[in-house]
file coords_17.cif (mmCIF, C-alpha atoms)
data_upload
#
loop_
_atom_site.label_atom_id
_atom_site.label_comp_id
_atom_site.auth_asym_id
_atom_site.auth_seq_id
_atom_site.Cartn_x
_atom_site.Cartn_y
_atom_site.Cartn_z
CA MET A 1 -77.03 1.03 7.30
CA GLU A 2 -75.10 -1.76 8.96
CA GLN A 3 -77.13 -4.72 10.20
CA ALA A 4 -77.88 -4.07 13.87
CA VAL A 5 -77.16 -6.70 16.50
CA VAL A 6 -79.40 -4.79 18.88
CA ASP A 7 -82.10 -2.33 17.85
CA VAL A 8 -84.23 -0.68 20.52
CA THR A 9 -86.63 2.10 19.55
CA GLY A 10 -88.85 4.27 21.70
CA LEU A 11 -88.78 1.89 24.67
CA SER A 12 -90.72 3.05 27.72
CA ARG A 13 -91.36 1.13 30.89
CA SER A 14 -92.74 1.84 34.31
CA PHE A 15 -92.92 -0.18 37.48
CA GLY A 16 -96.18 0.79 39.15
CA ARG A 17 -96.27 4.57 39.02
CA LYS A 18 -92.52 4.88 38.80
CA SER A 19 -91.18 5.41 35.30
CA ALA A 20 -88.01 3.37 34.68
CA LEU A 21 -87.41 3.98 30.96
CA GLU A 22 -88.74 6.80 28.83
CA GLY A 23 -88.44 6.74 25.05
CA VAL A 24 -85.09 4.93 25.03
CA SER A 25 -83.50 4.14 21.68
CA PHE A 26 -80.28 2.16 21.44
CA ARG A 27 -78.49 0.48 18.53
CA ALA A 28 -75.48 -1.81 18.53
CA THR A 29 -73.61 -3.11 15.48
CA ALA A 30 -71.18 -6.02 15.28
CA GLY A 31 -67.55 -5.82 16.33
CA ARG A 32 -67.85 -2.99 18.82
CA ILE A 33 -67.89 -2.51 22.58
CA TYR A 34 -70.75 -0.46 24.02
CA GLY A 35 -70.40 1.15 27.44
CA LEU A 36 -73.54 2.02 29.37
CA VAL A 37 -73.11 4.67 32.06
CA GLY A 38 -75.42 6.22 34.62
CA ALA A 39 -76.11 6.52 38.31
CA ASN A 40 -77.94 3.76 40.18
CA GLY A 41 -81.57 3.73 39.09
CA ALA A 42 -80.83 5.42 35.75
CA GLY A 43 -82.39 2.46 33.90
CA LYS A 44 -79.33 0.53 32.70
CA THR A 45 -80.31 -2.85 34.16
CA THR A 46 -83.92 -2.42 33.02
CA LEU A 47 -82.72 -1.78 29.46
CA LEU A 48 -80.43 -4.84 29.53
CA LYS A 49 -83.22 -7.04 30.88
CA HIS A 50 -85.32 -6.12 27.86
CA LEU A 51 -82.53 -7.33 25.56
CA LEU A 52 -82.58 -10.69 27.34
CA GLY A 53 -86.35 -11.01 27.08
CA LEU A 54 -86.70 -10.91 30.86
CA LEU A 55 -89.01 -7.92 30.48
CA ARG A 56 -91.55 -7.38 27.73
CA ALA A 57 -91.54 -4.06 25.91
CA ALA A 58 -94.70 -2.22 26.98
CA THR A 59 -94.15 0.65 24.55
CA GLY A 60 -91.63 0.64 21.74
CA SER A 61 -89.77 -2.25 20.19
CA VAL A 62 -86.79 -4.42 21.09
CA ARG A 63 -84.96 -6.51 18.48
CA VAL A 64 -81.87 -8.64 19.05
CA PHE A 65 -80.39 -10.30 15.92
CA GLY A 66 -83.59 -9.04 14.26
CA LEU A 67 -85.69 -11.19 16.62
CA ASP A 68 -88.05 -10.35 19.47
CA PRO A 69 -86.35 -11.79 22.59
CA VAL A 70 -89.71 -12.30 24.36
CA ARG A 71 -91.28 -14.24 21.48
CA ASP A 72 -88.18 -16.19 20.54
CA PRO A 73 -86.15 -16.65 23.74
CA VAL A 74 -84.33 -19.78 22.55
CA GLY A 75 -83.30 -18.23 19.24
CA VAL A 76 -81.95 -15.15 21.01
CA LEU A 77 -80.52 -16.48 24.29
CA ARG A 78 -78.39 -19.24 22.78
CA ARG A 79 -76.47 -16.51 20.93
CA ILE A 80 -76.04 -14.30 24.03
CA GLY A 81 -73.68 -14.54 26.99
CA TYR A 82 -74.87 -12.76 30.13
CA LEU A 83 -73.28 -11.87 33.44
CA SER A 84 -75.42 -9.99 35.94
CA GLU A 85 -74.29 -7.96 38.90
CA GLU A 86 -75.97 -10.45 41.23
CA ARG A 87 -74.32 -13.39 39.39
CA GLU A 88 -77.43 -15.51 39.69
CA LEU A 89 -75.99 -19.01 39.58
CA PRO A 90 -77.56 -22.21 40.93
CA GLU A 91 -76.06 -22.45 44.42
CA TRP A 92 -76.26 -26.20 44.78
CA MET A 93 -74.33 -27.06 41.61
CA ARG A 94 -70.66 -27.86 41.47
CA VAL A 95 -68.56 -25.82 39.04
CA ASP A 96 -68.19 -28.76 36.63
CA GLU A 97 -71.96 -29.41 36.81
CA LEU A 98 -72.61 -25.73 36.08
CA MET A 99 -70.41 -26.05 32.99
CA ARG A 100 -72.16 -29.22 31.77
CA TYR A 101 -75.56 -27.66 32.45
CA THR A 102 -74.73 -24.49 30.48
CA ARG A 103 -73.13 -26.47 27.69
CA ALA A 104 -76.39 -28.38 27.15
CA PHE A 105 -78.10 -25.15 26.12
CA HIS A 106 -75.35 -24.01 23.80
CA PRO A 107 -74.38 -26.06 20.74
CA THR A 108 -71.48 -23.64 20.12
CA TRP A 109 -69.80 -24.45 23.48
CA ASP A 110 -66.01 -24.36 23.09
CA ALA A 111 -64.69 -27.02 25.51
CA ALA A 112 -61.04 -26.06 25.00
CA TYR A 113 -61.75 -22.40 25.78
CA ALA A 114 -63.79 -23.40 28.85
CA ARG A 115 -60.91 -25.55 30.12
CA GLU A 116 -58.42 -22.76 29.49
CA LEU A 117 -60.52 -20.29 31.50
CA LEU A 118 -61.02 -22.82 34.31
CA GLU A 119 -57.23 -23.13 34.58
CA THR A 120 -56.55 -19.39 34.25
CA PHE A 121 -59.04 -18.65 37.02
CA ALA A 122 -57.73 -21.59 39.10
CA LEU A 123 -61.31 -22.67 39.83
CA ASP A 124 -61.85 -26.00 41.53
CA PRO A 125 -64.41 -27.90 39.40
CA ALA A 126 -65.53 -29.98 42.40
CA LYS A 127 -66.50 -26.94 44.49
CA LYS A 128 -70.12 -25.96 44.87
CA VAL A 129 -71.18 -22.51 43.76
CA LYS A 130 -72.27 -21.62 47.29
CA GLU A 131 -68.72 -22.36 48.54
CA LEU A 132 -67.10 -19.91 46.14
CA SER A 133 -65.75 -16.52 47.19
CA LYS A 134 -67.18 -13.40 45.61
CA GLY A 135 -64.34 -13.17 43.08
CA MET A 136 -64.48 -16.88 42.18
CA ARG A 137 -68.24 -16.66 41.76
CA ALA A 138 -67.75 -13.82 39.27
CA GLN A 139 -65.13 -15.88 37.43
CA ALA A 140 -67.47 -18.90 37.27
CA GLY A 141 -70.26 -16.64 35.99
CA LEU A 142 -67.93 -15.16 33.41
CA LEU A 143 -66.78 -18.60 32.27
CA VAL A 144 -70.29 -19.84 31.54
CA ALA A 145 -71.13 -16.48 29.91
CA VAL A 146 -68.33 -16.63 27.33
CA ALA A 147 -67.42 -20.32 26.79
CA HIS A 148 -70.04 -20.76 24.05
CA ARG A 149 -68.42 -17.81 22.25
CA PRO A 150 -71.62 -15.77 22.11
CA GLU A 151 -72.24 -13.31 19.29
CA LEU A 152 -73.38 -10.81 21.91
CA LEU A 153 -71.92 -10.56 25.40
CA ILE A 154 -73.96 -8.56 27.94
CA LEU A 155 -72.35 -7.63 31.24
CA ASP A 156 -74.29 -5.73 33.89
CA GLU A 157 -71.89 -3.99 36.29
CA PRO A 158 -69.40 -6.85 35.87
CA SER A 159 -66.66 -5.23 37.98
CA SER A 160 -68.86 -4.19 40.85
CA GLY A 161 -67.23 -4.99 44.17
CA LEU A 162 -64.40 -7.07 42.70
CA ASP A 163 -60.67 -6.87 43.27
CA ALA A 164 -58.20 -5.84 40.57
CA VAL A 165 -57.32 -9.42 39.54
CA VAL A 166 -60.88 -10.48 38.75
CA ARG A 167 -61.62 -7.12 37.10
CA ARG A 168 -58.69 -7.79 34.78
CA ASP A 169 -60.10 -11.25 33.94
CA ILE A 170 -63.36 -9.59 32.95
CA LEU A 171 -61.68 -6.95 30.78
CA ASP A 172 -59.61 -9.68 29.10
CA ALA A 173 -62.79 -11.59 28.26
CA ILE A 174 -64.29 -8.45 26.73
CA VAL A 175 -61.21 -7.77 24.59
CA ARG A 176 -61.05 -11.39 23.43
CA THR A 177 -64.74 -11.45 22.52
CA VAL A 178 -64.26 -8.52 20.16
CA ALA A 179 -60.70 -9.17 18.97
CA ASP A 180 -61.05 -12.85 18.13
CA ASP A 181 -64.12 -12.88 15.91
CA GLY A 182 -65.52 -9.36 15.82
CA ARG A 183 -68.41 -10.08 18.13
CA THR A 184 -70.27 -7.50 20.18
CA VAL A 185 -70.16 -6.50 23.85
CA ILE A 186 -72.55 -4.32 25.83
CA PHE A 187 -71.50 -3.58 29.39
CA SER A 188 -72.72 -1.24 32.08
CA SER A 189 -70.33 0.18 34.63
CA HIS A 190 -69.97 2.97 37.11
CA LEU A 191 -66.18 2.79 36.79
CA LEU A 192 -65.72 5.55 34.25
CA ASP A 193 -62.04 4.96 33.62
CA GLU A 194 -62.96 1.39 32.68
CA VAL A 195 -65.65 2.66 30.31
CA GLU A 196 -63.25 5.16 28.78
CA ARG A 197 -60.68 2.44 28.12
CA MET A 198 -62.99 -0.30 26.92
CA SER A 199 -65.78 1.44 24.98
CA ASP A 200 -66.00 2.24 21.29
CA HIS A 201 -69.41 3.72 21.93
CA VAL A 202 -70.82 5.31 25.07
CA THR A 203 -74.42 5.76 26.16
CA LEU A 204 -75.18 7.95 29.12
CA MET A 205 -78.47 7.37 30.95
CA HIS A 206 -80.10 9.64 33.47
CA GLN A 207 -83.47 9.03 35.13
CA GLY A 208 -84.65 6.57 32.51
CA ARG A 209 -83.59 8.58 29.49
CA VAL A 210 -80.61 8.47 27.17
CA THR A 211 -78.95 11.87 27.62
CA LEU A 212 -75.85 11.34 25.50
CA SER A 213 -74.93 8.57 23.07
CA GLY A 214 -72.34 8.11 20.36
CA PRO A 215 -68.82 6.97 19.50
CA LEU A 216 -66.55 7.78 22.47
CA ASP A 217 -64.52 10.32 20.49
CA ASP A 218 -67.68 12.13 19.35
CA VAL A 219 -69.15 12.14 22.84
CA ARG A 220 -65.99 13.69 24.24
CA ARG A 221 -65.44 16.13 21.40
CA GLY A 222 -66.03 19.75 22.31
CA TYR A 223 -65.84 19.24 26.07
CA GLN A 224 -62.98 21.02 27.78
CA ARG A 225 -61.85 21.43 31.33
CA SER A 226 -60.18 24.72 32.13
CA ARG A 227 -58.59 26.31 35.13
CA VAL A 228 -59.63 29.91 35.48
CA ARG A 229 -58.35 32.71 37.71
CA PHE A 230 -60.31 35.88 38.44
CA THR A 231 -59.11 39.16 39.91
CA GLN A 232 -62.08 39.33 42.26
CA HIS A 233 -63.43 36.83 44.74
CA PHE A 234 -66.56 34.89 43.83
CA GLU A 235 -68.65 33.44 46.63
CA HIS A 236 -70.69 31.39 44.16
CA PRO A 237 -69.69 30.22 40.68
CA PRO A 238 -70.05 33.19 38.31
CA ALA A 239 -72.35 32.70 35.32
CA ILE A 240 -70.52 31.59 32.19
CA GLU A 241 -72.70 30.70 29.23
CA THR A 242 -70.96 27.52 28.08
CA ALA A 243 -70.03 26.26 31.56
CA LEU A 244 -71.67 22.98 32.62
CA ALA A 245 -70.02 22.61 35.98
CA MET A 246 -67.75 24.73 38.13
CA GLU A 247 -65.75 23.74 41.14
CA GLY A 248 -63.51 25.76 43.40
CA GLY A 249 -63.98 29.03 45.20
CA GLY A 250 -62.70 32.55 45.57
CA ARG A 251 -60.50 33.46 42.65
CA THR A 252 -59.65 30.04 41.29
CA TRP A 253 -62.22 27.82 39.60
CA SER A 254 -62.11 24.64 37.60
CA VAL A 255 -64.70 24.63 34.81
CA VAL A 256 -66.08 21.91 32.53
CA HIS A 257 -67.48 23.60 29.43
CA ASN A 258 -68.37 22.91 25.82
CA GLY A 259 -68.60 24.96 22.68
CA SER A 260 -65.85 27.15 21.29
CA LEU A 261 -62.75 27.74 23.38
CA GLU A 262 -62.48 31.26 22.02
CA GLN A 263 -65.94 32.14 23.26
CA PHE A 264 -65.05 30.71 26.66
CA HIS A 265 -61.91 32.86 26.84
CA HIS A 266 -64.04 35.86 25.95
CA SER A 267 -66.63 35.11 28.65
CA VAL A 268 -63.93 34.73 31.29
CA LEU A 269 -62.23 37.94 30.16
CA THR A 270 -65.52 39.82 30.48
CA LEU A 271 -65.70 38.71 34.13
CA GLY A 272 -62.21 40.05 34.74
CA GLY A 273 -60.45 36.69 34.73
CA GLU A 274 -58.11 34.65 32.62
CA VAL A 275 -57.93 31.03 31.48
CA VAL A 276 -54.81 29.51 32.97
CA GLU A 277 -55.00 26.13 31.32
CA SER A 278 -57.36 24.07 29.13
CA ARG A 279 -57.40 20.44 28.17
CA ASP A 280 -59.90 17.87 26.84
CA ALA A 281 -62.30 16.79 29.56
CA THR A 282 -62.29 13.16 30.69
CA LEU A 283 -65.41 11.04 30.41
CA GLU A 284 -65.82 11.25 34.18
CA GLU A 285 -65.77 15.06 34.13
CA ILE A 286 -68.30 15.14 31.29
CA PHE A 287 -70.48 12.61 33.07
CA LEU A 288 -70.49 14.52 36.35
CA ALA A 289 -71.20 17.79 34.54
CA ARG A 290 -74.03 16.26 32.51
CA ALA A 291 -75.55 14.49 35.51
CA GLY A 292 -76.42 17.99 36.71
CA ARG A 293 -74.31 18.10 39.85
CA SER A 294 -76.32 15.31 41.38
CA ARG A 295 -74.74 13.95 44.53
CA GLN A 296 -74.97 10.37 43.29
CA PRO A 297 -71.80 8.51 44.10
CA VAL A 298 -69.63 8.00 41.05
CA GLU A 299 -66.45 6.16 41.76
CA ALA A 300 -63.25 6.56 39.85
CA ALA A 301 -60.94 3.64 40.35
CA MET B 302 -43.89 -2.56 23.99
CA ASP B 303 -43.63 -0.10 26.85
CA ILE B 304 -46.76 2.05 26.69
CA THR B 305 -48.69 3.56 29.58
CA ILE B 306 -52.27 4.75 29.32
CA ASN B 307 -53.54 7.53 31.53
CA VAL B 308 -57.25 8.32 31.54
CA THR B 309 -57.06 11.26 33.93
CA ASP B 310 -55.52 13.88 31.64
CA GLY B 311 -58.18 13.95 28.92
CA VAL B 312 -55.97 12.87 25.98
CA PRO B 313 -57.82 10.31 23.81
CA ILE B 314 -56.32 6.85 24.28
CA TYR B 315 -55.55 6.25 20.59
CA ARG B 316 -53.57 9.49 20.53
CA GLN B 317 -51.63 8.42 23.64
CA ILE B 318 -50.65 5.22 21.80
CA VAL B 319 -49.71 7.15 18.64
CA ASN B 320 -47.57 9.66 20.57
CA GLN B 321 -45.78 7.01 22.58
CA VAL B 322 -45.01 4.79 19.57
CA LYS B 323 -43.66 7.87 17.77
CA TYR B 324 -41.49 8.60 20.78
CA LEU B 325 -40.25 4.99 20.98
CA VAL B 326 -39.34 5.11 17.27
CA ALA B 327 -37.73 8.56 17.44
CA SER B 328 -35.65 7.58 20.47
CA GLY B 329 -34.50 4.33 18.88
CA LEU B 330 -36.22 2.11 21.46
CA LEU B 331 -38.18 0.71 18.51
CA GLN B 332 -35.91 -0.06 15.58
CA PRO B 333 -36.75 0.19 11.87
CA GLY B 334 -38.15 -3.15 10.69
CA GLU B 335 -39.16 -4.17 14.22
CA GLU B 336 -42.62 -5.66 14.55
CA LEU B 337 -45.26 -3.99 16.71
CA PRO B 338 -47.39 -6.27 18.90
CA PRO B 339 -50.53 -7.64 17.19
CA ILE B 340 -53.70 -5.63 17.87
CA ARG B 341 -55.18 -8.27 20.17
CA THR B 342 -51.97 -8.51 22.21
CA LEU B 343 -51.64 -4.77 22.75
CA ALA B 344 -55.36 -4.41 23.54
CA LEU B 345 -55.05 -7.15 26.19
CA GLN B 346 -51.88 -5.56 27.60
CA LEU B 347 -53.32 -2.05 27.86
CA LYS B 348 -56.90 -3.13 28.69
CA VAL B 349 -58.37 -1.05 25.91
CA THR B 350 -60.87 -1.83 23.18
CA PRO B 351 -59.11 -3.45 20.17
CA ASN B 352 -60.65 -0.83 17.87
CA THR B 353 -58.60 1.86 19.63
CA VAL B 354 -55.40 0.00 18.75
CA VAL B 355 -56.66 -0.41 15.16
CA LYS B 356 -57.21 3.34 14.99
CA ALA B 357 -53.79 4.14 16.50
CA TYR B 358 -51.97 1.79 14.10
CA GLY B 359 -53.94 3.30 11.21
CA ASP B 360 -52.87 6.83 12.19
CA LEU B 361 -49.26 5.68 12.55
CA GLU B 362 -49.39 4.14 9.09
CA ILE B 363 -50.76 7.35 7.55
CA ALA B 364 -47.96 9.28 9.30
CA GLY B 365 -45.45 6.86 7.74
CA VAL B 366 -44.15 5.66 11.09
CA VAL B 367 -45.23 2.05 10.55
CA GLN B 368 -46.14 -0.17 7.61
CA LYS B 369 -48.66 -2.98 7.44
CA ARG B 370 -47.48 -6.05 5.59
CA GLN B 371 -50.11 -8.18 3.96
CA GLY B 372 -50.95 -11.21 6.06
CA SER B 373 -48.26 -10.65 8.66
CA GLY B 374 -48.23 -7.66 10.94
CA THR B 375 -47.31 -4.05 11.56
CA PHE B 376 -43.67 -3.03 11.35
CA VAL B 377 -41.67 0.12 12.06
CA SER B 378 -40.89 1.78 8.72
CA GLU B 379 -37.38 1.50 7.32
CA GLY B 380 -35.38 4.70 7.01
CA ARG B 381 -34.33 7.01 9.76
CA GLN B 382 -36.48 10.09 9.47
CA GLN B 383 -40.01 9.35 10.61
CA LEU B 384 -40.98 12.49 12.43
CA ALA B 385 -41.30 15.63 10.33
CA LEU B 386 -40.02 18.84 11.87
CA LYS B 387 -43.60 20.04 12.28
CA GLU B 388 -44.50 16.90 14.20
CA ARG B 389 -41.45 17.10 16.44
CA ARG B 390 -42.18 20.75 17.18
CA ARG B 391 -45.78 19.90 18.03
CA VAL B 392 -44.76 17.28 20.60
CA ILE B 393 -42.35 19.68 22.31
CA GLU B 394 -44.67 22.69 22.10
CA GLN B 395 -47.37 20.80 23.97
CA ARG B 396 -44.92 20.24 26.80
CA ILE B 397 -43.83 23.90 26.72
CA ASP B 398 -47.43 25.13 26.92
CA ALA B 399 -48.06 23.01 29.99
CA LEU B 400 -44.77 24.16 31.54
CA LEU B 401 -45.55 27.84 30.92
CA ALA B 402 -49.03 27.50 32.38
CA GLU B 403 -47.61 25.85 35.49
CA ALA B 404 -44.84 28.45 35.73
CA HIS B 405 -47.37 31.26 35.49
CA GLN B 406 -49.34 29.72 38.36
CA LEU B 407 -46.17 29.61 40.48
CA ASN B 408 -45.09 33.14 39.54
CA PHE B 409 -42.12 32.33 37.35
CA THR B 410 -41.53 34.40 34.21
CA ALA B 411 -40.62 32.89 30.85
CA ASP B 412 -37.06 34.22 31.37
CA ASP B 413 -36.85 32.44 34.72
CA ILE B 414 -37.86 29.24 32.98
CA LEU B 415 -35.28 29.65 30.21
CA ARG B 416 -32.58 30.13 32.80
CA MET B 417 -33.77 27.10 34.76
CA VAL B 418 -33.82 24.95 31.62
CA ARG B 419 -30.17 25.84 30.96
CA GLU B 420 -29.26 25.13 34.58
CA ARG B 421 -30.95 21.74 34.49
CA LYS B 422 -29.26 20.90 31.21
CA ALA B 423 -25.86 21.81 32.65
CA ALA B 424 -26.56 19.71 35.74
CA MET B 425 -27.24 16.62 33.64
CA ASN B 426 -24.38 14.31 32.84
CA PRO B 427 -23.85 14.87 29.09
CA GLY B 428 -22.54 11.31 28.77
CA ASN B 429 -25.95 9.86 29.67
CA ASN B 430 -27.72 12.16 27.31
CA ALA B 431 -27.73 10.47 23.92
CA GLU B 432 -31.48 10.81 23.34
CA PRO B 433 -31.82 14.43 22.15
CA ALA B 434 -29.07 13.83 19.55
CA GLU B 435 -31.07 10.88 18.20
CA VAL B 436 -34.22 12.93 17.91
CA GLU B 437 -32.46 15.74 16.11
CA LYS B 438 -31.38 13.69 13.07
#
call {"tool": "encode", "arguments": {"input": "coords_17.cif", "output": "structure tokens"}}
result
Amino acid sequence: MEQAVVDVTGLSRSFGRKSALEGVSFRATAGRIYGLVGANGAGKTTLLKHLLGLLRAATGSVRVFGLDPVRDPVGVLRRIGYLSEERELPEWMRVDELMRYTRAFHPTWDAAYARELLETFALDPAKKVKELSKGMRAQAGLLVAVAHRPELLILDEPSSGLDAVVRRDILDAIVRTVADDGRTVIFSSHLLDEVERMSDHVTLMHQGRVTLSGPLDDVRRGYQRSRVRFTQHFEHPPAIETALAMEGGGRTWSVVHNGSLEQFHHSVLTLGGEVVESRDATLEEIFLARAGRSRQPVEAA
Amino acid sequence: MDITINVTDGVPIYRQIVNQVKYLVASGLLQPGEELPPIRTLALQLKVTPNTVVKAYGDLEIAGVVQKRQGSGTFVSEGRQQLALKERRRVIEQRIDALLAEAHQLNFTADDILRMVRERKAAMNPGNNAEPAEVEK
């Protein structure tokens, strides 16, 4: 088996009586991009915080580069770049001070790359962090997360609340991290089109558990979305064995289903209907179907 | 290279790249011997994971559409005929299936569609219509 960059096994965690993670296992190998998907409160941030050693594994084990991030924070963190949704940066520092400060912790700091990013983002080095706009703050956070060319880049909801320009900067940084030296990226996002574009591997979390995980093509394989027309009216979605989610009403329904297409055709025929059209389901359709019709907001950009 | 990725229609992204490069080659917009963008460049342009581009270029190489040259890059294969008849049929048949499904929804018969295809063809200026001839070779 390939040497794992991240190896989490049987990780459980609760906050008070509320269970946040239950028996989570997650593996990441070098040179790939891992997308982490799930509704708010599914456990994504809690999992990522364990990788950074910010939380100690109560049950189960967490290894990053083969090390325990709680016992060896220096050995692990100097090889990681991290951008959180809250972009926790020291407010009082100027941008150039933030860069010098971060550089001191990272012997691998690439000054030329840092300068290039500073120029691309058009960040004023003399500005204080607290004076930056939301987008500029994300850019500054991204700069100090990638300028030491980390072996592992962890991004927690990096695109959340940002405009298209800054989102593009973030996606560029992800591509460059993997393309330039085959390093590894783990990112969580609720933008499913972004995950579909950027991930080699997708992990779906729901209420603290991993419900689906694998290479993107494997995860999507076998899921279809079909348009179906019946001769009779249906008030409620009729029961079809392989259907995971149905939308529509009356005679026309849109169905996300898995398993054999032939069997699906047969089931529809038995109900006096026909399959008008079938195609591979998108990640968003699979996600919504698997999330069990929960009304959690899932945005598609 | 003019490629557009659409994540709303369920077609895997590497296959979208493969299909569009095949189309660009078949239509002459990519010439034999022409270099494809490096993996990193195309991944940055399309905002997709580099491994998807690696996979697409690999599939295109197996299909004989492109060739990798040691230490340089990926180039469109020399020689005119890249797309086998089977492959060309497959591309068109996918479009036909979608068209027929849509037609059925809108209560057109297959004969209606055939007639409409001929009408549309006749309405097009044949002078601007070099592409199908290219594909047919």
call {"tool": "closest_residue", "arguments": {"input": "coords_17.cif", "among": "A:Gly141, A:Gly259, A:Gly273, A:Gly249", "to": "A:Ser84", "atoms": "all atoms listed in the file"}}
result
A:Gly141
call {"tool": "interface_residues", "arguments": {"input": "coords_17.cif", "of": "chain A", "to": "chain B", "cutoff": "6 Å", "atoms": "only C-alpha atoms", "output": "PyMOL selection string"}}
result
chain A and resi 172+179+197-198+280-282
call {"tool": "residues_around", "arguments": {"input": "coords_17.cif", "residues": "A:Ala140", "least_positions_apart": "5", "cutoff": "9 Å", "atoms": "only C-alpha atoms", "output": "number ranges by chain"}}
result
A: 89, 95, 98-99, 118, 121, 123, 129, 132, 135, 145
call {"tool": "axis_aligned_box", "arguments": {"input": "coords_17.cif", "around": "stretch 310-318 of chain B", "padding_each_side": "8 Å", "output": "lines of an AutoDock Vina configuration file"}}
result
center_x = -54.4
center_y = 9.6
center_z = 26.1
size_x = 23.5
size_y = 24.7
size_z = 27.1
call {"tool": "residues_around", "arguments": {"input": "coords_17.cif", "residues": "A:Leu191", "least_positions_apart": "5", "cutoff": "12 Å", "atoms": "all atoms listed in the file", "output": "list in words"}}
result
Gly35, Leu36, Val37, Gly38, Ala39, Glu157, Pro158, Ser159, Ser160, Gly161, Leu162, Arg167, Glu196, Arg197, Met198, Ser199, Leu283, Glu284, Phe287, Pro297, Val298, Glu299, Ala300 and Ala301 of chain A; Val308 of chain B
call {"tool": "residues_around", "arguments": {"input": "coords_17.cif", "residues": "B:Ile304", "least_positions_apart": "6", "cutoff": "8 Å", "atoms": "all atoms listed in the file", "output": "MDAnalysis selection string"}}
result
chainID B and resid 318 321:322 347
call {"tool": "residues_around", "arguments": {"input": "coords_17.cif", "residues": "A:Arg32", "least_positions_apart": "4", "cutoff": "7 Å", "atoms": "all atoms listed in the file", "output": "list in words"}}
result
Val178, Thr184, Val185 and Asp200 of chain A
call {"tool": "resolve_selection", "arguments": {"input": "coords_17.cif", "expression": "the PyMOL selection byres ((chain A and resi 231-244) around 7)", "output": "JSON, numbers by chain"}}
result
{"A": [229, 230, 245, 246, 249, 250, 251, 255, 256, 257, 258, 259, 264, 267, 272, 273, 289]}
call {"tool": "write_last_selection", "arguments": {"input": "coords_17.cif", "atoms": "C-alpha atoms", "output": "short mmCIF file (atom, residue, chain, number, x, y, z; two decimals), in the frame of the given file"}}
result
data_model
loop_
_atom_site.label_atom_id
_atom_site.label_comp_id
_atom_site.auth_asym_id
_atom_site.auth_seq_id
_atom_site.Cartn_x
_atom_site.Cartn_y
_atom_site.Cartn_z
CA ARG A 229 -58.35 32.71 37.71
CA PHE A 230 -60.31 35.88 38.44
CA ALA A 245 -70.02 22.61 35.98
CA MET A 246 -67.75 24.73 38.13
CA GLY A 249 -63.98 29.03 45.20
CA GLY A 250 -62.70 32.55 45.57
CA ARG A 251 -60.50 33.46 42.65
CA VAL A 255 -64.70 24.63 34.81
CA VAL A 256 -66.08 21.91 32.53
CA HIS A 257 -67.48 23.60 29.43
CA ASN A 258 -68.37 22.91 25.82
CA GLY A 259 -68.60 24.96 22.68
CA PHE A 264 -65.05 30.71 26.66
CA SER A 267 -66.63 35.11 28.65
CA GLY A 272 -62.21 40.05 34.74
CA GLY A 273 -60.45 36.69 34.73
CA ALA A 289 -71.20 17.79 34.54
#
call {"tool": "closest_residue", "arguments": {"input": "coords_17.cif", "among": "A:Arg63, A:Tyr34, A:Thr29, A:Thr46", "to": "A:Thr9", "atoms": "all atoms listed in the file"}}
result
A:Arg63
call {"tool": "residues_around", "arguments": {"input": "coords_17.cif", "residues": "A:Arg183", "least_positions_apart": "4", "cutoff": "7 Å", "atoms": "only C-alpha atoms", "output": "number ranges by chain"}}
result
A: 30-31, 151-152, 177-178
call {"tool": "resolve_selection", "arguments": {"input": "coords_17.cif", "expression": "the PyMOL selection byres ((chain B and resi 320) around 12)", "output": "ChimeraX atom specification"}}
result
/B:304-306,312-319,321-327,357-358,360-361,364,366,384,388-389,391-393,395
call {"tool": "resolve_selection", "arguments": {"input": "coords_17.cif", "expression": "the PyMOL selection byres ((chain A and resi 209-212) around 12)", "output": "VMD selection string"}}
result
chain A and resid 8 to 13 19 to 27 35 to 39 41 to 44 46 to 47 201 to 208 213 to 216 218 to 220 283 286 to 287 289 to 292
call {"tool": "atom_distance", "arguments": {"input": "coords_17.cif", "atom1": "atom CA of B:Glu362", "atom2": "atom CA of B:Gly374"}}
result
12.0 Å
call {"tool": "atom_distance", "arguments": {"input": "coords_17.cif", "atom1": "atom CA of A:Arg56", "atom2": "atom CA of A:Asp156"}}
result
18.4 Å
call {"tool": "atom_distance", "arguments": {"input": "coords_17.cif", "atom1": "atom CA of A:Tyr113", "atom2": "atom CA of A:Val146"}}
result
8.9 Å
call {"tool": "closest_residue", "arguments": {"input": "coords_17.cif", "among": "B:Asp413, B:Ser328, B:Pro339, B:Met425", "to": "B:Gly372", "atoms": "all atoms listed in the file"}}
result
B:Pro339
call {"tool": "residues_near_point", "arguments": {"input": "coords_17.cif", "point": "(-40.9, -6.5, 10.4)", "cutoff": "9 Å", "atoms": "all atoms listed in the file", "output": "list in words"}}
result
Pro333, Gly334, Glu335, Glu336, Leu337, Gln368, Arg370, Ser373, Gly374, Thr375, Phe376, Val377 and Ser378 of chain B
